[in-house]
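Single-structure report; data block below.
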Amino acid sequence: MRGRELRGELDAFLAETEQELVEFRRDLHMHPELAFAEYRTTQRIAERLTAAGLTPSVLPRGTGIICDVGSGDGPTVALRADIDALPLQDEKDVPYRSTVAGACHACGHDVHTAILLGTSIFLAQQAAAGLLPGRVRLIFQPAEELPGGALEVMAQGGISGVDRIFGLHCDPRVDVGQLGLRTGPITSACDKIVIRVSGPGGHTARPHLTADLVFALAKILTELPAALSRRVDPRSSLSLVWGRVEAGSAANAIPDDGIAAGTVRCLDENAWHAAPDLIKSLLESVASAYGIEATMDYTRGVPPVVNDEVSVEMLAEAAERALGAGAVVPTQQSLGGEDFAWYLESIPGAFARLGTRSPDGLTYDIHQGTFDVDEKAIAMGVRVMAATALTALWEVGPLDSITSALA
Ligand SMILES: [Zn+2]
Ligand SMILES: [Zn+2]
């Protein structure tokens with residue numbers, strides 16, 4: 001019953017608010033701010049939330065906002081948008097082009113922000129009308145691109161008491177009006193690895209009297225990826241690829257040090273957690289076989305975003321109701337990283353891909369100065385986020401109770 005009413009309520013709300021949200025997005029697009037410098041963006045969001053009767057709480061660093069809508073003993077559902085821009089030049093020729101040299105909303109976080117703002121205003125109206133059966137925590141997260149903003153939100157207690165969290169990202173390969181969903185991992189982990197090797201060095205005539213560092217380094221470069229392919233479940237797609245290697249200067253001298261650097265990408269969370277120790281032990285065994293010393297610097301990026309099955313079903317139900325039948329499309333796991341993953345290490349939730357391509361339009365990839373969206377995606381995003389929050393709050397038992405609540 002409520003599901004059917006919700007569609008009409010969203011129609012009425014968006015008829016009034018869509019244009020304001022588009023203008024809000026364009027304003028952010030003209031004034032992009034980089035990670036942990038989103039002061040103006042934060043101020044603008046806070047002002048609009050306050051005008052909607054809400055009480056936004058700005059994070060201690062002055063960028064990013066947490067704001068609760070509704071109250072009571074019911075469940076708490078969090079909705080997250082990231083608000084930072086990229087250090088890229090805007091290459092578009094549009095009236096709302098970036099006015100800041102070297103900064104651009106090329107990842108669509110201005111769109112995510114406008115969507116969550118619209119959702120916030122709608123949910124505030126629902127709460128005021130006594131129609132919100134629980135609490136929704138709105139998270140306007142700074143510094144996704146660093147990454148690390150999610151950790152800042154969590155350090156401030158941003159997800160404590162939250163039962164479930166949802167987020168979405170613009171996807172220029174999906175048509176506007178559609179939502180890409182996937183259960184399980186949807187983005188990847190990407191870490192950096194640097195290996196330094198050292199030995200006594202010497203003449204290439206006498207490798208047996210020293211340690212052949214270049215030969216040993218070559219063994220490390222080939223043996224580590226090969227051993228990983230047999231020591232780690234192939235389904236995890238753990239992939240160590242070298243991007244830089246350096247050693248030596250003369251053809252007839254064995255050098256005394258060398259370096260190799262690369263990335264470790266991984267689709268599976270367990271394999272990701274185990275990777276550093278495993279790689280270190282493989283490195284030590286290869287190095288010791290050739291009598292050289294080896295050290296490893298391993299820098300963690302983000303884990304993969306792993307979507308919870310029940311949360312994905314909630315998103316799917318909500319999208320079908322709010323966007324129409326056939327709106328949900330399958331999506332693939334990408335090799336990109338997304339710091340929403342940090343939240344899902346603590347609580348269940350799901351991350352969706354929001355279609356932003358005009359049907360038959362050109363596809364501009366994210367992280368490019370030409371990236372732009374079909375702005376109809378903003379209203380679509382509000383529909384999905386609002387319906388998802390309500391669907392998750394309505395849920396008190398198994399999925400068929402959601403279906404009946406939405407019938
Ligand atoms: Zn990005
Ligand atoms: Zn992004």
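Naming works like this for the structure tokens: A, B, ... for the chains as they're shown, residue 1 at the start of each chain, ligands 1 onward in shown order.
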
Using only C-alpha atoms and all ligand atoms, what does the table of chain A residues within 9 Å of ligand 1 look like, with each row giving the shortest atom pair and its distance in Å to one decimal, sorted by chain and ascending number, as JSON lines?
```
{"residue": "A:Asp84", "atom": "CA", "partner": "ligand 1", "partner_atom_place_in_ligand_line": "1 (Zn)", "distance": 9.0}
{"residue": "A:Ala85", "atom": "CA", "partner": "ligand 1", "partner_atom_place_in_ligand_line": "1 (Zn)", "distance": 8.1}
{"residue": "A:Leu86", "atom": "CA", "partner": "ligand 1", "partner_atom_place_in_ligand_line": "1 (Zn)", "distance": 7.3}
{"residue": "A:His105", "atom": "CA", "partner": "ligand 1", "partner_atom_place_in_ligand_line": "1 (Zn)", "distance": 8.9}
{"residue": "A:Ala106", "atom": "CA", "partner": "ligand 1", "partner_atom_place_in_ligand_line": "1 (Zn)", "distance": 7.3}
{"residue": "A:Cys107", "atom": "CA", "partner": "ligand 1", "partner_atom_place_in_ligand_line": "1 (Zn)", "distance": 4.5}
{"residue": "A:Gly108", "atom": "CA", "partner": "ligand 1", "partner_atom_place_in_ligand_line": "1 (Zn)", "distance": 7.8}
{"residue": "A:His109", "atom": "CA", "partner": "ligand 1", "partner_atom_place_in_ligand_line": "1 (Zn)", "distance": 8.0}
{"residue": "A:Glu144", "atom": "CA", "partner": "ligand 1", "partner_atom_place_in_ligand_line": "1 (Zn)", "distance": 7.4}
{"residue": "A:Glu145", "atom": "CA", "partner": "ligand 1", "partner_atom_place_in_ligand_line": "1 (Zn)", "distance": 5.6}
{"residue": "A:Gly336", "atom": "CA", "partner": "ligand 1", "partner_atom_place_in_ligand_line": "1 (Zn)", "distance": 8.6}
{"residue": "A:Gly337", "atom": "CA", "partner": "ligand 1", "partner_atom_place_in_ligand_line": "1 (Zn)", "distance": 8.3}
{"residue": "A:Glu338", "atom": "CA", "partner": "ligand 1", "partner_atom_place_in_ligand_line": "1 (Zn)", "distance": 7.6}
{"residue": "A:Ile366", "atom": "CA", "partner": "ligand 1", "partner_atom_place_in_ligand_line": "1 (Zn)", "distance": 6.9}
{"residue": "A:His367", "atom": "CA", "partner": "ligand 1", "partner_atom_place_in_ligand_line": "1 (Zn)", "distance": 6.1}
```

**Request:** Pick out the residues sitting within 9 Å of segment 131-139 of chain A, and hand them over as a PyMOL selection string; count only C-alpha atoms, and ignore anything fewer than 6 positions along from it in its own chain.
**Result:** chain A and resi 56+64-82+116-117+120+123-125+153+158-159+162+165+389-390+393-394

Can you pull out every residue within 10 Å of His112 of chain A, counting only C-alpha atoms, but drop anything in the same chain fewer than 5 positions away, and send it as a PDB file with N, CA, C and O atoms, in the first residue's frame?
```pdb
ATOM      1  N   ARG A  25      23.374  21.032  -8.109  1.00  0.00           N
ATOM      2  CA  ARG A  25      24.475  20.247  -8.686  1.00  0.00           C
ATOM      3  C   ARG A  25      25.379  21.134  -9.558  1.00  0.00           C
ATOM      4  O   ARG A  25      26.600  21.040  -9.503  1.00  0.00           O
ATOM      5  N   ARG A  80      24.666   7.247   2.024  1.00  0.00           N
ATOM      6  CA  ARG A  80      25.925   7.972   1.944  1.00  0.00           C
ATOM      7  C   ARG A  80      26.130   8.551   0.538  1.00  0.00           C
ATOM      8  O   ARG A  80      25.880   7.879  -0.463  1.00  0.00           O
ATOM      9  N   ALA A  81      26.592   9.803   0.515  1.00  0.00           N
ATOM     10  CA  ALA A  81      27.060  10.428  -0.729  1.00  0.00           C
ATOM     11  C   ALA A  81      28.461  10.958  -0.469  1.00  0.00           C
ATOM     12  O   ALA A  81      28.757  11.409   0.633  1.00  0.00           O
ATOM     13  N   ASP A  82      29.328  10.895  -1.475  1.00  0.00           N
ATOM     14  CA  ASP A  82      30.646  11.515  -1.348  1.00  0.00           C
ATOM     15  C   ASP A  82      30.587  12.886  -2.018  1.00  0.00           C
ATOM     16  O   ASP A  82      29.818  13.108  -2.950  1.00  0.00           O
ATOM     17  N   ILE A  83      31.391  13.837  -1.515  1.00  0.00           N
ATOM     18  CA  ILE A  83      31.204  15.238  -1.928  1.00  0.00           C
ATOM     19  C   ILE A  83      32.434  15.875  -2.562  1.00  0.00           C
ATOM     20  O   ILE A  83      32.382  17.030  -2.968  1.00  0.00           O
ATOM     21  N   CYS A 107      34.073  12.792 -11.207  1.00  0.00           N
ATOM     22  CA  CYS A 107      33.638  11.468 -10.747  1.00  0.00           C
ATOM     23  C   CYS A 107      32.159  11.503 -10.386  1.00  0.00           C
ATOM     24  O   CYS A 107      31.610  10.525  -9.874  1.00  0.00           O
ATOM     25  N   LEU A 117      20.939  15.202  -1.063  1.00  0.00           N
ATOM     26  CA  LEU A 117      20.266  16.394  -0.532  1.00  0.00           C
ATOM     27  C   LEU A 117      18.759  16.315  -0.820  1.00  0.00           C
ATOM     28  O   LEU A 117      17.933  16.536   0.070  1.00  0.00           O
ATOM     29  N   GLY A 118      18.410  15.985  -2.053  1.00  0.00           N
ATOM     30  CA  GLY A 118      16.990  15.857  -2.405  1.00  0.00           C
ATOM     31  C   GLY A 118      16.310  14.773  -1.569  1.00  0.00           C
ATOM     32  O   GLY A 118      15.184  14.956  -1.077  1.00  0.00           O
ATOM     33  N   PHE A 140      27.111  12.825   4.340  1.00  0.00           N
ATOM     34  CA  PHE A 140      27.755  13.547   3.245  1.00  0.00           C
ATOM     35  C   PHE A 140      29.255  13.438   3.506  1.00  0.00           C
ATOM     36  O   PHE A 140      29.826  14.182   4.284  1.00  0.00           O
ATOM     37  N   GLY A 167      24.640   3.236  -0.798  1.00  0.00           N
ATOM     38  CA  GLY A 167      25.253   4.321  -1.546  1.00  0.00           C
ATOM     39  C   GLY A 167      25.119   4.032  -3.023  1.00  0.00           C
ATOM     40  O   GLY A 167      24.765   2.918  -3.416  1.00  0.00           O
ATOM     41  N   LEU A 168      25.376   5.042  -3.838  1.00  0.00           N
ATOM     42  CA  LEU A 168      25.354   4.793  -5.287  1.00  0.00           C
ATOM     43  C   LEU A 168      26.434   5.624  -5.959  1.00  0.00           C
ATOM     44  O   LEU A 168      26.981   6.551  -5.370  1.00  0.00           O
ATOM     45  N   HIS A 169      26.727   5.248  -7.205  1.00  0.00           N
ATOM     46  CA  HIS A 169      27.722   5.970  -7.988  1.00  0.00           C
ATOM     47  C   HIS A 169      27.241   6.121  -9.426  1.00  0.00           C
ATOM     48  O   HIS A 169      26.640   5.199  -9.976  1.00  0.00           O
ATOM     49  N   CYS A 170      27.509   7.280  -9.987  1.00  0.00           N
ATOM     50  CA  CYS A 170      27.201   7.507 -11.399  1.00  0.00           C
ATOM     51  C   CYS A 170      27.881   6.434 -12.253  1.00  0.00           C
ATOM     52  O   CYS A 170      29.050   6.109 -12.016  1.00  0.00           O
ATOM     53  N   LEU A 354      24.268   3.992 -10.699  1.00  0.00           N
ATOM     54  CA  LEU A 354      23.150   4.774 -11.229  1.00  0.00           C
ATOM     55  C   LEU A 354      23.440   5.171 -12.669  1.00  0.00           C
ATOM     56  O   LEU A 354      24.467   5.801 -12.945  1.00  0.00           O
ATOM     57  N   ALA A 377      19.268  11.989 -14.221  1.00  0.00           N
ATOM     58  CA  ALA A 377      19.729  10.983 -13.252  1.00  0.00           C
ATOM     59  C   ALA A 377      19.559  11.465 -11.814  1.00  0.00           C
ATOM     60  O   ALA A 377      19.453  10.653 -10.893  1.00  0.00           O
ATOM     61  N   ILE A 378      19.549  12.778 -11.603  1.00  0.00           N
ATOM     62  CA  ILE A 378      19.427  13.299 -10.230  1.00  0.00           C
ATOM     63  C   ILE A 378      18.071  12.897  -9.639  1.00  0.00           C
ATOM     64  O   ILE A 378      18.000  12.345  -8.535  1.00  0.00           O
ATOM     65  N   GLY A 381      17.965   9.247  -9.001  1.00  0.00           N
ATOM     66  CA  GLY A 381      18.724   8.905  -7.806  1.00  0.00           C
ATOM     67  C   GLY A 381      17.939   9.185  -6.532  1.00  0.00           C
ATOM     68  O   GLY A 381      17.975   8.388  -5.582  1.00  0.00           O
ATOM     69  N   VAL A 382      17.235  10.308  -6.517  1.00  0.00           N
ATOM     70  CA  VAL A 382      16.408  10.640  -5.344  1.00  0.00           C
ATOM     71  C   VAL A 382      15.339   9.564  -5.155  1.00  0.00           C
ATOM     72  O   VAL A 382      15.103   9.090  -4.031  1.00  0.00           O
TER      73      VAL A 382
END
```

Pairwise distance, atom CA of Trp272 of chain A with atom CA of Arg230 of chain A, equals 15.3 Å

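Interatomic distance, atom CA of Thr299 of chain A against atom CA of Glu38 of chain A: 25.7 Å.
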
Exercise. Find the residues around Ala294 of chain A up to 12 Å (only C-alpha atoms counted), leave out those fewer than 5 positions away in its own chain, and share them as JSON, numbers by chain.
Key: {"A": [194, 195, 196, 197, 198, 199, 213, 216, 217, 220, 256, 257, 258, 259, 260, 279, 280, 281, 282, 283, 284, 285, 286, 287, 288, 289]}

Selection from above, N, CA and C atoms, as an mmCIF file, in the first residue's frame, can you write it?
```cif
data_model
loop_
_atom_site.group_PDB
_atom_site.id
_atom_site.type_symbol
_atom_site.label_atom_id
_atom_site.label_comp_id
_atom_site.auth_asym_id
_atom_site.auth_seq_id
_atom_site.Cartn_x
_atom_site.Cartn_y
_atom_site.Cartn_z
ATOM 1 N N VAL A 194 56.108 -2.117 -2.850
ATOM 2 C CA VAL A 194 57.466 -1.742 -3.255
ATOM 3 C C VAL A 194 58.427 -2.732 -2.606
ATOM 4 N N ILE A 195 59.275 -3.324 -3.433
ATOM 5 C CA ILE A 195 60.253 -4.301 -2.933
ATOM 6 C C ILE A 195 61.664 -3.767 -3.156
ATOM 7 N N ARG A 196 62.471 -3.815 -2.115
ATOM 8 C CA ARG A 196 63.879 -3.400 -2.235
ATOM 9 C C ARG A 196 64.764 -4.614 -1.959
ATOM 10 N N VAL A 197 65.726 -4.821 -2.842
ATOM 11 C CA VAL A 197 66.642 -5.955 -2.641
ATOM 12 C C VAL A 197 68.060 -5.417 -2.499
ATOM 13 N N SER A 198 68.866 -6.134 -1.730
ATOM 14 C CA SER A 198 70.261 -5.710 -1.572
ATOM 15 C C SER A 198 71.171 -6.934 -1.400
ATOM 16 N N GLY A 199 72.430 -6.761 -1.781
ATOM 17 C CA GLY A 199 73.425 -7.830 -1.668
ATOM 18 C C GLY A 199 74.806 -7.215 -1.735
ATOM 19 N N LEU A 213 72.318 -10.360 -7.730
ATOM 20 C CA LEU A 213 71.143 -9.589 -7.360
ATOM 21 C C LEU A 213 70.144 -9.421 -8.525
ATOM 22 N N ALA A 216 68.369 -12.684 -9.055
ATOM 23 C CA ALA A 216 67.429 -12.919 -7.954
ATOM 24 C C ALA A 216 66.200 -12.007 -8.073
ATOM 25 N N LEU A 217 66.442 -10.764 -8.452
ATOM 26 C CA LEU A 217 65.318 -9.824 -8.609
ATOM 27 C C LEU A 217 64.389 -10.306 -9.724
ATOM 28 N N ILE A 220 62.263 -12.976 -8.426
ATOM 29 C CA ILE A 220 61.193 -12.416 -7.588
ATOM 30 C C ILE A 220 60.055 -11.886 -8.474
ATOM 31 N N ASP A 256 74.532 -3.742 -6.059
ATOM 32 C CA ASP A 256 74.279 -4.121 -4.667
ATOM 33 C C ASP A 256 72.871 -3.765 -4.195
ATOM 34 N N ASP A 257 72.095 -3.107 -5.056
ATOM 35 C CA ASP A 257 70.680 -2.928 -4.679
ATOM 36 C C ASP A 257 69.781 -2.831 -5.907
ATOM 37 N N GLY A 258 68.485 -2.950 -5.676
ATOM 38 C CA GLY A 258 67.509 -2.886 -6.756
ATOM 39 C C GLY A 258 66.127 -2.656 -6.173
ATOM 40 N N ILE A 259 65.208 -2.287 -7.038
ATOM 41 C CA ILE A 259 63.866 -1.975 -6.550
ATOM 42 C C ILE A 259 62.818 -2.437 -7.578
ATOM 43 N N ALA A 260 61.670 -2.864 -7.080
ATOM 44 C CA ALA A 260 60.542 -3.191 -7.953
ATOM 45 C C ALA A 260 59.280 -2.669 -7.284
ATOM 46 N N ILE A 279 52.569 -12.578 0.476
ATOM 47 C CA ILE A 279 53.564 -12.057 -0.473
ATOM 48 C C ILE A 279 54.915 -11.912 0.222
ATOM 49 N N LYS A 280 54.885 -11.468 1.480
ATOM 50 C CA LYS A 280 56.135 -11.294 2.224
ATOM 51 C C LYS A 280 56.843 -12.648 2.407
ATOM 52 N N SER A 281 56.093 -13.685 2.728
ATOM 53 C CA SER A 281 56.745 -14.981 2.940
ATOM 54 C C SER A 281 57.291 -15.535 1.625
ATOM 55 N N LEU A 282 56.566 -15.316 0.528
ATOM 56 C CA LEU A 282 57.074 -15.764 -0.780
ATOM 57 C C LEU A 282 58.344 -15.000 -1.138
ATOM 58 N N LEU A 283 58.329 -13.702 -0.883
ATOM 59 C CA LEU A 283 59.487 -12.860 -1.185
ATOM 60 C C LEU A 283 60.712 -13.349 -0.412
ATOM 61 N N GLU A 284 60.522 -13.612 0.875
ATOM 62 C CA GLU A 284 61.656 -14.036 1.706
ATOM 63 C C GLU A 284 62.216 -15.379 1.252
ATOM 64 N N SER A 285 61.326 -16.279 0.831
ATOM 65 C CA SER A 285 61.830 -17.592 0.429
ATOM 66 C C SER A 285 62.605 -17.503 -0.884
ATOM 67 N N VAL A 286 62.148 -16.683 -1.828
ATOM 68 C CA VAL A 286 62.891 -16.548 -3.095
ATOM 69 C C VAL A 286 64.214 -15.838 -2.837
ATOM 70 N N ALA A 287 64.184 -14.762 -2.049
ATOM 71 C CA ALA A 287 65.406 -13.983 -1.789
ATOM 72 C C ALA A 287 66.461 -14.836 -1.088
ATOM 73 N N SER A 288 66.032 -15.623 -0.106
ATOM 74 C CA SER A 288 67.025 -16.389 0.656
ATOM 75 C C SER A 288 67.655 -17.482 -0.199
ATOM 76 N N ALA A 289 66.895 -17.995 -1.174
ATOM 77 C CA ALA A 289 67.447 -19.032 -2.055
ATOM 78 C C ALA A 289 68.642 -18.504 -2.851
#
```

Between atom CA of Gly53 of chain A and atom CA of Glu395 of chain A lies a distance of 26.3 Å

Contacts of Ala189 of chain A within 8 Å, only C-alpha atoms, excl. fewer than 2 positions in-chain, as a compact mmCIF listing (two decimals) with all heavy atoms, in the first residue's frame:
```txt
# COMPACT_ATOMS: atom_id res chain seq x y z
N THR A 187 33.38 -3.63 -6.55
CA THR A 187 34.62 -2.93 -6.90
C THR A 187 35.78 -3.79 -6.38
O THR A 187 35.55 -4.84 -5.80
CB THR A 187 34.71 -1.53 -6.26
OG1 THR A 187 34.75 -1.67 -4.84
CG2 THR A 187 33.53 -0.66 -6.66
N ASP A 191 46.14 -2.21 -3.86
CA ASP A 191 47.20 -1.83 -2.93
C ASP A 191 48.49 -1.57 -3.72
O ASP A 191 48.61 -2.00 -4.86
CB ASP A 191 47.47 -2.97 -1.93
CG ASP A 191 46.23 -3.34 -1.14
OD1 ASP A 191 45.34 -2.50 -1.00
OD2 ASP A 191 46.16 -4.50 -0.66
N VAL A 264 48.75 -4.53 -6.29
CA VAL A 264 48.06 -5.78 -5.99
C VAL A 264 46.57 -5.48 -6.06
O VAL A 264 46.07 -4.66 -5.29
CB VAL A 264 48.42 -6.31 -4.59
CG1 VAL A 264 47.63 -7.57 -4.28
CG2 VAL A 264 49.92 -6.59 -4.50
N ARG A 265 45.89 -6.08 -7.02
CA ARG A 265 44.44 -5.90 -7.14
C ARG A 265 43.76 -7.21 -6.77
O ARG A 265 44.31 -8.29 -7.00
CB ARG A 265 44.04 -5.47 -8.56
CG ARG A 265 44.48 -4.05 -8.85
CD ARG A 265 44.23 -3.62 -10.28
NE ARG A 265 44.90 -2.35 -10.51
CZ ARG A 265 44.35 -1.16 -10.33
NH1 ARG A 265 43.09 -1.07 -9.96
NH2 ARG A 265 45.03 -0.05 -10.54
N CYS A 266 42.57 -7.09 -6.23
CA CYS A 266 41.93 -8.30 -5.71
C CYS A 266 40.43 -8.10 -5.63
O CYS A 266 39.95 -7.05 -5.23
CB CYS A 266 42.51 -8.57 -4.32
SG CYS A 266 41.91 -10.08 -3.59
N LEU A 267 39.69 -9.13 -6.03
CA LEU A 267 38.24 -9.04 -6.02
C LEU A 267 37.63 -9.58 -4.73
O LEU A 267 36.45 -9.39 -4.49
CB LEU A 267 37.65 -9.81 -7.20
CG LEU A 267 38.20 -9.51 -8.60
CD1 LEU A 267 37.38 -10.24 -9.66
CD2 LEU A 267 38.20 -8.03 -8.90
N ASP A 268 38.44 -10.26 -3.94
CA ASP A 268 37.90 -10.97 -2.78
C ASP A 268 38.47 -10.43 -1.48
O ASP A 268 39.67 -10.20 -1.37
CB ASP A 268 38.23 -12.46 -2.92
CG ASP A 268 37.78 -13.25 -1.70
OD1 ASP A 268 36.57 -13.49 -1.59
OD2 ASP A 268 38.64 -13.60 -0.87
N GLU A 269 37.59 -10.26 -0.51
CA GLU A 269 38.00 -9.61 0.73
C GLU A 269 38.97 -10.47 1.56
O GLU A 269 39.96 -9.98 2.09
CB GLU A 269 36.75 -9.30 1.55
CG GLU A 269 36.94 -8.17 2.49
CD GLU A 269 35.71 -7.97 3.35
OE1 GLU A 269 34.70 -8.64 3.13
OE2 GLU A 269 35.80 -7.13 4.26
N TRP A 272 42.30 -10.51 0.05
CA TRP A 272 42.91 -9.19 0.22
C TRP A 272 43.55 -9.06 1.60
O TRP A 272 44.66 -8.59 1.75
CB TRP A 272 41.84 -8.11 0.01
CG TRP A 272 42.32 -6.71 0.19
CD1 TRP A 272 43.10 -5.99 -0.67
CD2 TRP A 272 42.03 -5.84 1.30
NE1 TRP A 272 43.33 -4.73 -0.16
CE2 TRP A 272 42.68 -4.61 1.04
CE3 TRP A 272 41.29 -5.98 2.47
CZ2 TRP A 272 42.60 -3.53 1.91
CZ3 TRP A 272 41.21 -4.89 3.33
CH2 TRP A 272 41.86 -3.69 3.05
N GLY A 301 45.30 0.11 0.00
CA GLY A 301 44.34 1.03 -0.58
C GLY A 301 43.01 0.75 0.11
O GLY A 301 42.94 0.69 1.33
N VAL A 302 41.97 0.55 -0.65
CA VAL A 302 40.67 0.21 -0.07
C VAL A 302 40.38 -1.26 -0.31
O VAL A 302 40.88 -1.84 -1.27
CB VAL A 302 39.53 1.05 -0.70
CG1 VAL A 302 39.67 2.50 -0.29
CG2 VAL A 302 39.51 0.91 -2.20
N PRO A 303 39.58 -1.87 0.56
CA PRO A 303 39.13 -3.24 0.26
C PRO A 303 38.08 -3.20 -0.85
O PRO A 303 37.61 -2.13 -1.22
CB PRO A 303 38.51 -3.70 1.58
CG PRO A 303 38.15 -2.47 2.32
CD PRO A 303 39.05 -1.37 1.83
N PRO A 304 37.67 -4.37 -1.37
CA PRO A 304 36.58 -4.36 -2.36
C PRO A 304 35.26 -4.01 -1.66
O PRO A 304 35.07 -4.30 -0.49
CB PRO A 304 36.52 -5.81 -2.86
CG PRO A 304 37.62 -6.55 -2.19
CD PRO A 304 38.17 -5.72 -1.09
N LEU A 335 37.40 -3.00 -11.66
CA LEU A 335 38.71 -3.07 -11.01
C LEU A 335 39.06 -1.75 -10.32
O LEU A 335 40.16 -1.57 -9.81
CB LEU A 335 39.79 -3.46 -12.02
CG LEU A 335 39.91 -4.98 -12.21
CD1 LEU A 335 40.83 -5.32 -13.37
CD2 LEU A 335 40.38 -5.69 -10.96
N GLY A 336 38.11 -0.84 -10.31
CA GLY A 336 38.30 0.42 -9.60
C GLY A 336 38.13 0.21 -8.10
O GLY A 336 37.61 -0.81 -7.65
N GLY A 337 38.57 1.19 -7.33
CA GLY A 337 38.40 1.14 -5.88
C GLY A 337 37.37 2.17 -5.44
O GLY A 337 37.12 3.15 -6.15
```

*asked:* What parts of segment 26-224 of chain A does DSSP call strand (DSSP E or B)? I'd like the answer as a VMD selection string.
replied: chain A and resid 57 to 58 65 to 69 76 to 82 86 104 135 to 141 164 to 175 179 to 181 184 to 185 189 to 198 202 to 203

Would you list, as a ChimeraX atom specification, the residues of segment 163-317 of chain A that end up in helix (DSSP H, G or I) under DSSP run on this structure's backbone? /A:207-209,213-231,234-236,269-289,309-317

Selection: 12 Å around Ser229 of chain A, only C-alpha atoms, excl. self and same-chain fewer than 3 positions, as a ChimeraX atom specification:
/A:222-226,232-240,271,275,278-279

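Residue nearest ligand 2, chosen from A:Asp360, A:Asp277, A:Asp297, A:Asp171 and counting only C-alpha atoms and all ligand atoms: A:Asp171.
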
In terms of only C-alpha atoms and all ligand atoms, the residue from A:Val58, A:Val22, A:Leu14, A:Cys104 at minimal distance from ligand 2 is A:Cys104

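Every protein, DNA or RNA residue with an atom at most 9 Å from Leu28 of chain A, where only C-alpha atoms count and chain neighbours fewer than 5 positions away do not, is listed here: Glu23, Glu33, Arg40, Thr41, Arg44, Tyr96, Ser98, His105, Asp110, Val111, Thr113 and Ala114 of chain A.
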
Those residues you just picked out, can you put them in a file as a compact mmCIF listing (two decimals), in the first residue's frame with N, CA and C atoms?
```txt
# COMPACT_ATOMS: atom_id res chain seq x y z
N GLU A 23 20.07 22.73 -10.23
CA GLU A 23 20.85 23.95 -10.03
C GLU A 23 21.87 23.80 -8.91
N GLU A 33 35.63 21.23 -4.97
CA GLU A 33 36.62 21.29 -3.89
C GLU A 33 37.22 19.90 -3.70
N ARG A 40 33.12 24.98 1.32
CA ARG A 40 31.96 25.67 0.73
C ARG A 40 30.84 24.66 0.48
N THR A 41 31.22 23.51 -0.07
CA THR A 41 30.24 22.46 -0.37
C THR A 41 29.49 22.08 0.91
N ARG A 44 27.06 24.80 2.00
CA ARG A 44 25.84 24.85 1.16
C ARG A 44 24.87 23.72 1.53
N TYR A 96 27.99 25.51 -16.79
CA TYR A 96 28.31 25.19 -15.40
C TYR A 96 29.70 24.58 -15.24
N SER A 98 33.64 24.06 -14.47
CA SER A 98 34.39 24.40 -13.26
C SER A 98 35.04 25.78 -13.38
N HIS A 105 34.58 18.15 -10.95
CA HIS A 105 33.75 17.03 -10.46
C HIS A 105 33.66 15.98 -11.57
N ASP A 110 29.31 15.54 -7.33
CA ASP A 110 28.34 16.63 -7.25
C ASP A 110 26.92 16.09 -7.46
N VAL A 111 26.80 15.11 -8.35
CA VAL A 111 25.50 14.47 -8.62
C VAL A 111 25.06 13.66 -7.39
N THR A 113 25.86 14.18 -4.36
CA THR A 113 25.51 15.13 -3.29
C THR A 113 24.11 15.70 -3.51
N ALA A 114 23.82 16.11 -4.74
CA ALA A 114 22.49 16.67 -5.03
C ALA A 114 21.41 15.61 -4.80
```
